[in-house]
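This report concerns only the one structure given below.
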Amino acid sequence: MGNIDTGYSSLTEYKESVEKDVKNLVRKKGKEKQERDYIKHSSYAISRIKEEICLLFNNKYDLTGDTKKINISLPPKHIHADLTVSVFDYSKTLRKSPALLARELADFINTSQKKYIESVSANNGYINILINKKEFYSQILSSVLRLGDKYGFSDVYKGKTVLIDYSSPNIAKPFGIGHLRSTVIGQALANLYYAVGYSVIRDNHLGDWGTQFGALIYAYTHWGDEAVIAANPIEELKNLYVRFTEEAREQPALKEEARKLFSQLEQGDEGLVILWKKFRELSLQEFQKTYDRLNVSFDCMLGESFYTEDFNKVIRDLKEKGIAKDSEDGAVIVENLDNLPSFLLQKNDGSTIYILRDVITVMYRKRVFNPDVVLYVVGSEQKLNFQQLFALCKKAGYSGDIKMEHVDFGLVLIGGVKMSTRKGTLVNLDEVLKQVIAKARDLLLEKGELDVSVLNKTSDTIGISSVIYADLKQNRNSNIEFDWQKMLSLESGSSVYLQYTYARIASILTKTNVALPFKKIDPIYFVQDALEFKLAVRLSLFPETVLHSVENNTPHFISAYLEELAAEFNNFYTQVSILKTADSALQKSRIALIAAVATTIRNGLSLLNIPTLSRL
RNA sequence: GCUCCUGUCGUUCAACGGAUAGGACAUAGCCCUCCGAAGGCUGAAAUGCAGGUUCGAUUCCUGCCAGGAGCACCA
């Protein structure tokens, strides 16, 4: 965080100051790991059910005994049951037909002693479960309300460390809607991994090094206008860069100039370092505004510029290991690695190229953070590069047993093709936010009765949320066709639906004078409507959903879950009046239920880095 | 040319190899004197084509078709 303006004036000083920040960070994370309170996953009601099933299965057949492998979910609508477990996996290992196995297991379970399960029935390869409602219901509600904003968290990955490399915008280029994807997916994953017990290092791997800076320096010194830049830094730096690429097309010699300048920068040329530092800081100030709006934060911003030390040593080592070699013109290349296309490591003028800096980054991360997992949240167009990077690091022994994963995502397309800065088809994130906030504001004014002081804040929150949510609700790997109308939609299927549901509940709770969170709920089962119990069962699956989402790096599992939960609540809401419930014990029980729903919606959205409002 | 990704209602997205393929927008209707209608309820509407694997395929394999991305001195 602290390396925006540390007053350095040379590359050496810059790196020293960053090193110091990193040392503090490592200490801080170590301490946090020690002192953090973890919530036992086994304490959740759903875990107890799974354990019971697991035990019963193992009593009948000698199955693996791993609770994690029990596949539990809600049954489809037409099945009358609370939960369902499939036996397909076991049917393969036991070489029995799914239908027969399910029947045998169901019969066995029905004649055994049970605590949480009332009874089961077999259907095809499924075992449909009726739960001991009294026991289960009170356990779920009390755990949601007791844990509050920690409901859904667990200790499953306690002790593990993950480093997440995300956002990583390029200096001197506007923050496009494409970078939003890496930023919001990365931030959601950071929240999710933390929730299941990981120690999380959030690293913004800035694109602040490379030949582009040679180009930028050339453009700046030849065409730059100080006053224009001061007025609108990023826009002007972008214009300079665009002008450079245009002119370089006419005169290829300019590219040579840019390479030369970058090479000099890399060798620490004082004048060039000052320019580079200026570009970097101007950009970071702009980026910070965007991060603040999105409520995104990092533990460190170790850009590419930080990983250039000792690259000759690495090159030498890779050559000795027979992985890299000199090409005829003096560059360094890697050939025949795992059948991947060969690639360049170092240019023939001795300066570094991105993949070499990535290798050094891996080594640094291994040495300093020693993570179990590293996630690269980067677009799918870089898939090949990561295959090459991972293969090289593995072969050279640089990554040890770190699990490195490219969490790729599709492009944001416009008119079916990739957005491009040069073609001017890049949609600026600020522009999107501006419009969506204006739309939210109009809508709020239409609904009336909001005083101006909260109007701005609320429309900001709604607008920004819906942009984040639109991205996170879909599977990462497919391309997104950018569509203004869809982007500006604030109806069902947007974050507003969830925030609206939350606000509805908050409103009821205010009217019943119940402050959230309330600590105690009577452990009595008092359910009149079938929907109440169904809601509770769905609530119990939230911790499972969080885990599932982490295991697949898919934040959209959370949004899907929340939308189903909200829909079920809204249905309940139209059928039952909480305020008019005559029986006071029943009313109390219902209040606890909706409070638990609200808590879960809030927690889920918060994992996606989206805030809730008690009033829209 | 080679490699990878994606083809699902009109549109845009879901669906660990599993039960009747699910939502949203649009569309045809219904529901506010009643806890917030930014809501709820009821319709119509889809797995690119051809084979294969098996108890079962939108999902896995092969071929074809269509769209997108990548393939050394950019990142």
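Residue numbering restarts at 1 for every chain of the structure tokens, chains are lettered A, B, ... in their displayed order, and ligands are numbered from 1 as they appear.
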Open item on the list: Would you mind listing, as a list in words, all residues of chain B that have at least one atom within 7 Å of chain A, where only C-alpha atoms (C1' of nucleotides) are what counts?
Closed with: U6, C13, A24, C35, G36, A38, G40, A69, G70, A72, C73 and A75 of chain B
Those selected residues, please, written with C-alpha atoms (C1' of nucleotides) and delivered as a short mmCIF file (atom, residue, chain, number, x, y, z; two decimals), in the first residue's frame.
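result06.cif written:
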```
data_model
loop_
_atom_site.label_atom_id
_atom_site.label_comp_id
_atom_site.auth_asym_id
_atom_site.auth_seq_id
_atom_site.Cartn_x
_atom_site.Cartn_y
_atom_site.Cartn_z
"C1'" U B 6 -17.31 -20.57 -26.43
"C1'" C B 13 -26.76 -15.91 -18.50
"C1'" A B 24 -33.36 -12.44 -15.77
"C1'" C B 35 -45.00 -5.63 6.89
"C1'" G B 36 -41.47 -1.39 0.87
"C1'" A B 38 -37.04 -1.97 -7.30
"C1'" G B 40 -45.31 -11.79 -6.10
"C1'" A B 69 -8.65 -15.37 -28.43
"C1'" G B 70 -3.43 -16.63 -28.67
"C1'" A B 72 9.41 -14.76 -29.45
"C1'" C B 73 12.24 -8.81 -28.78
"C1'" A B 75 2.02 -7.14 -21.31
#
```
Task: Filtered DSSP result for stretch 166-386 of chain A, state alpha helix (DSSP H), as number ranges by chain - done: A: 177-195, 211-223, 226-231, 233-250, 253-266, 270-294, 311-320, 354-368, 383-386
- [ ] Do a neighbour search on stretch 106-120 of chain A at 8 Å with only C-alpha atoms (C1' of nucleotides), toss out local chain neighbours closer than 4 positions, and write the hits as JSON, numbers by chain.
- [x] {"A": [48, 49, 52, 56, 60, 102, 127, 128, 129, 130, 131, 132, 133, 135, 136]}
TODO: Write out as a PyMOL selection string which residues come within 7 Å of stretch 307-320 of chain A when counting only C-alpha atoms (C1' of nucleotides), dropping same-chain ones fewer than 2 positions away.
DONE: chain A and resi 304-305+322-325+357+360-361+396
Task: Distance in Å - atom CA of A:Leu189 versus atom CA of A:Asp408 - done: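 Result for atom CA of A:Leu189 versus atom CA of A:Asp408: 12.6 Å, one decimal.
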For B:A26, list every protein, DNA or RNA residue within 12 Å, evaluated using only C-alpha atoms (C1' of nucleotides), and leave out those in the same chain fewer than 4 positions away; present the list as a tab-separated table (two decimals) with N, CA, C and O atoms (P, O5', C5', C4', C3', O3' and C1' of nucleotides), in the first residue's frame.
```tsv
chain	number	residue	atom	x	y	z
B	9	C	P	-30.76	-20.65	-27.58
B	9	C	O5'	-31.87	-20.26	-26.53
B	9	C	C5'	-32.82	-19.22	-26.82
B	9	C	C4'	-34.20	-19.80	-26.83
B	9	C	C3'	-35.32	-18.78	-26.99
B	9	C	O3'	-36.25	-19.22	-27.97
B	9	C	C1'	-35.69	-20.11	-25.06
B	10	G	P	-35.85	-19.00	-29.55
B	10	G	O5'	-35.86	-17.42	-29.72
B	10	G	C5'	-35.63	-16.84	-31.01
B	10	G	C4'	-35.47	-15.35	-30.85
B	10	G	C3'	-34.29	-14.91	-29.99
B	10	G	O3'	-33.12	-14.79	-30.74
B	10	G	C1'	-36.26	-13.81	-29.26
B	11	U	P	-31.70	-15.10	-30.05
B	11	U	O5'	-31.58	-13.90	-29.02
B	11	U	C5'	-31.23	-12.60	-29.45
B	11	U	C4'	-30.96	-11.73	-28.24
B	11	U	C3'	-29.92	-12.27	-27.28
B	11	U	O3'	-28.61	-11.92	-27.69
B	11	U	C1'	-31.83	-11.62	-26.07
B	12	U	P	-27.38	-12.81	-27.17
B	12	U	O5'	-27.39	-12.57	-25.60
B	12	U	C5'	-26.97	-11.33	-25.04
B	12	U	C4'	-27.06	-11.41	-23.53
B	12	U	C3'	-26.28	-12.57	-22.93
B	12	U	O3'	-24.92	-12.23	-22.76
B	12	U	C1'	-28.46	-12.50	-22.00
B	45	A	P	-44.20	-23.89	-25.51
B	45	A	O5'	-42.83	-23.13	-25.82
B	45	A	C5'	-42.60	-22.58	-27.12
B	45	A	C4'	-41.41	-21.69	-27.09
B	45	A	C3'	-40.13	-22.32	-26.56
B	45	A	O3'	-39.48	-23.10	-27.54
B	45	A	C1'	-40.42	-20.18	-25.60
```
TODO: May I have all residues of stretch 57-221 of chain A that DSSP, computed from the backbone, assigns to strand (DSSP E), given as a ChimeraX atom specification?
DONE: /A:72-73,83-86,117-123,126-131,161-165,199-203
Task: Close residues, B:U8 itself excluded, 9 Å, only C-alpha atoms (C1' of nucleotides), min 6 positions apart in chain, as a list of chain:residue names - done: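 So the residues in contact are B:A21, B:A46, B:U47, B:U58.
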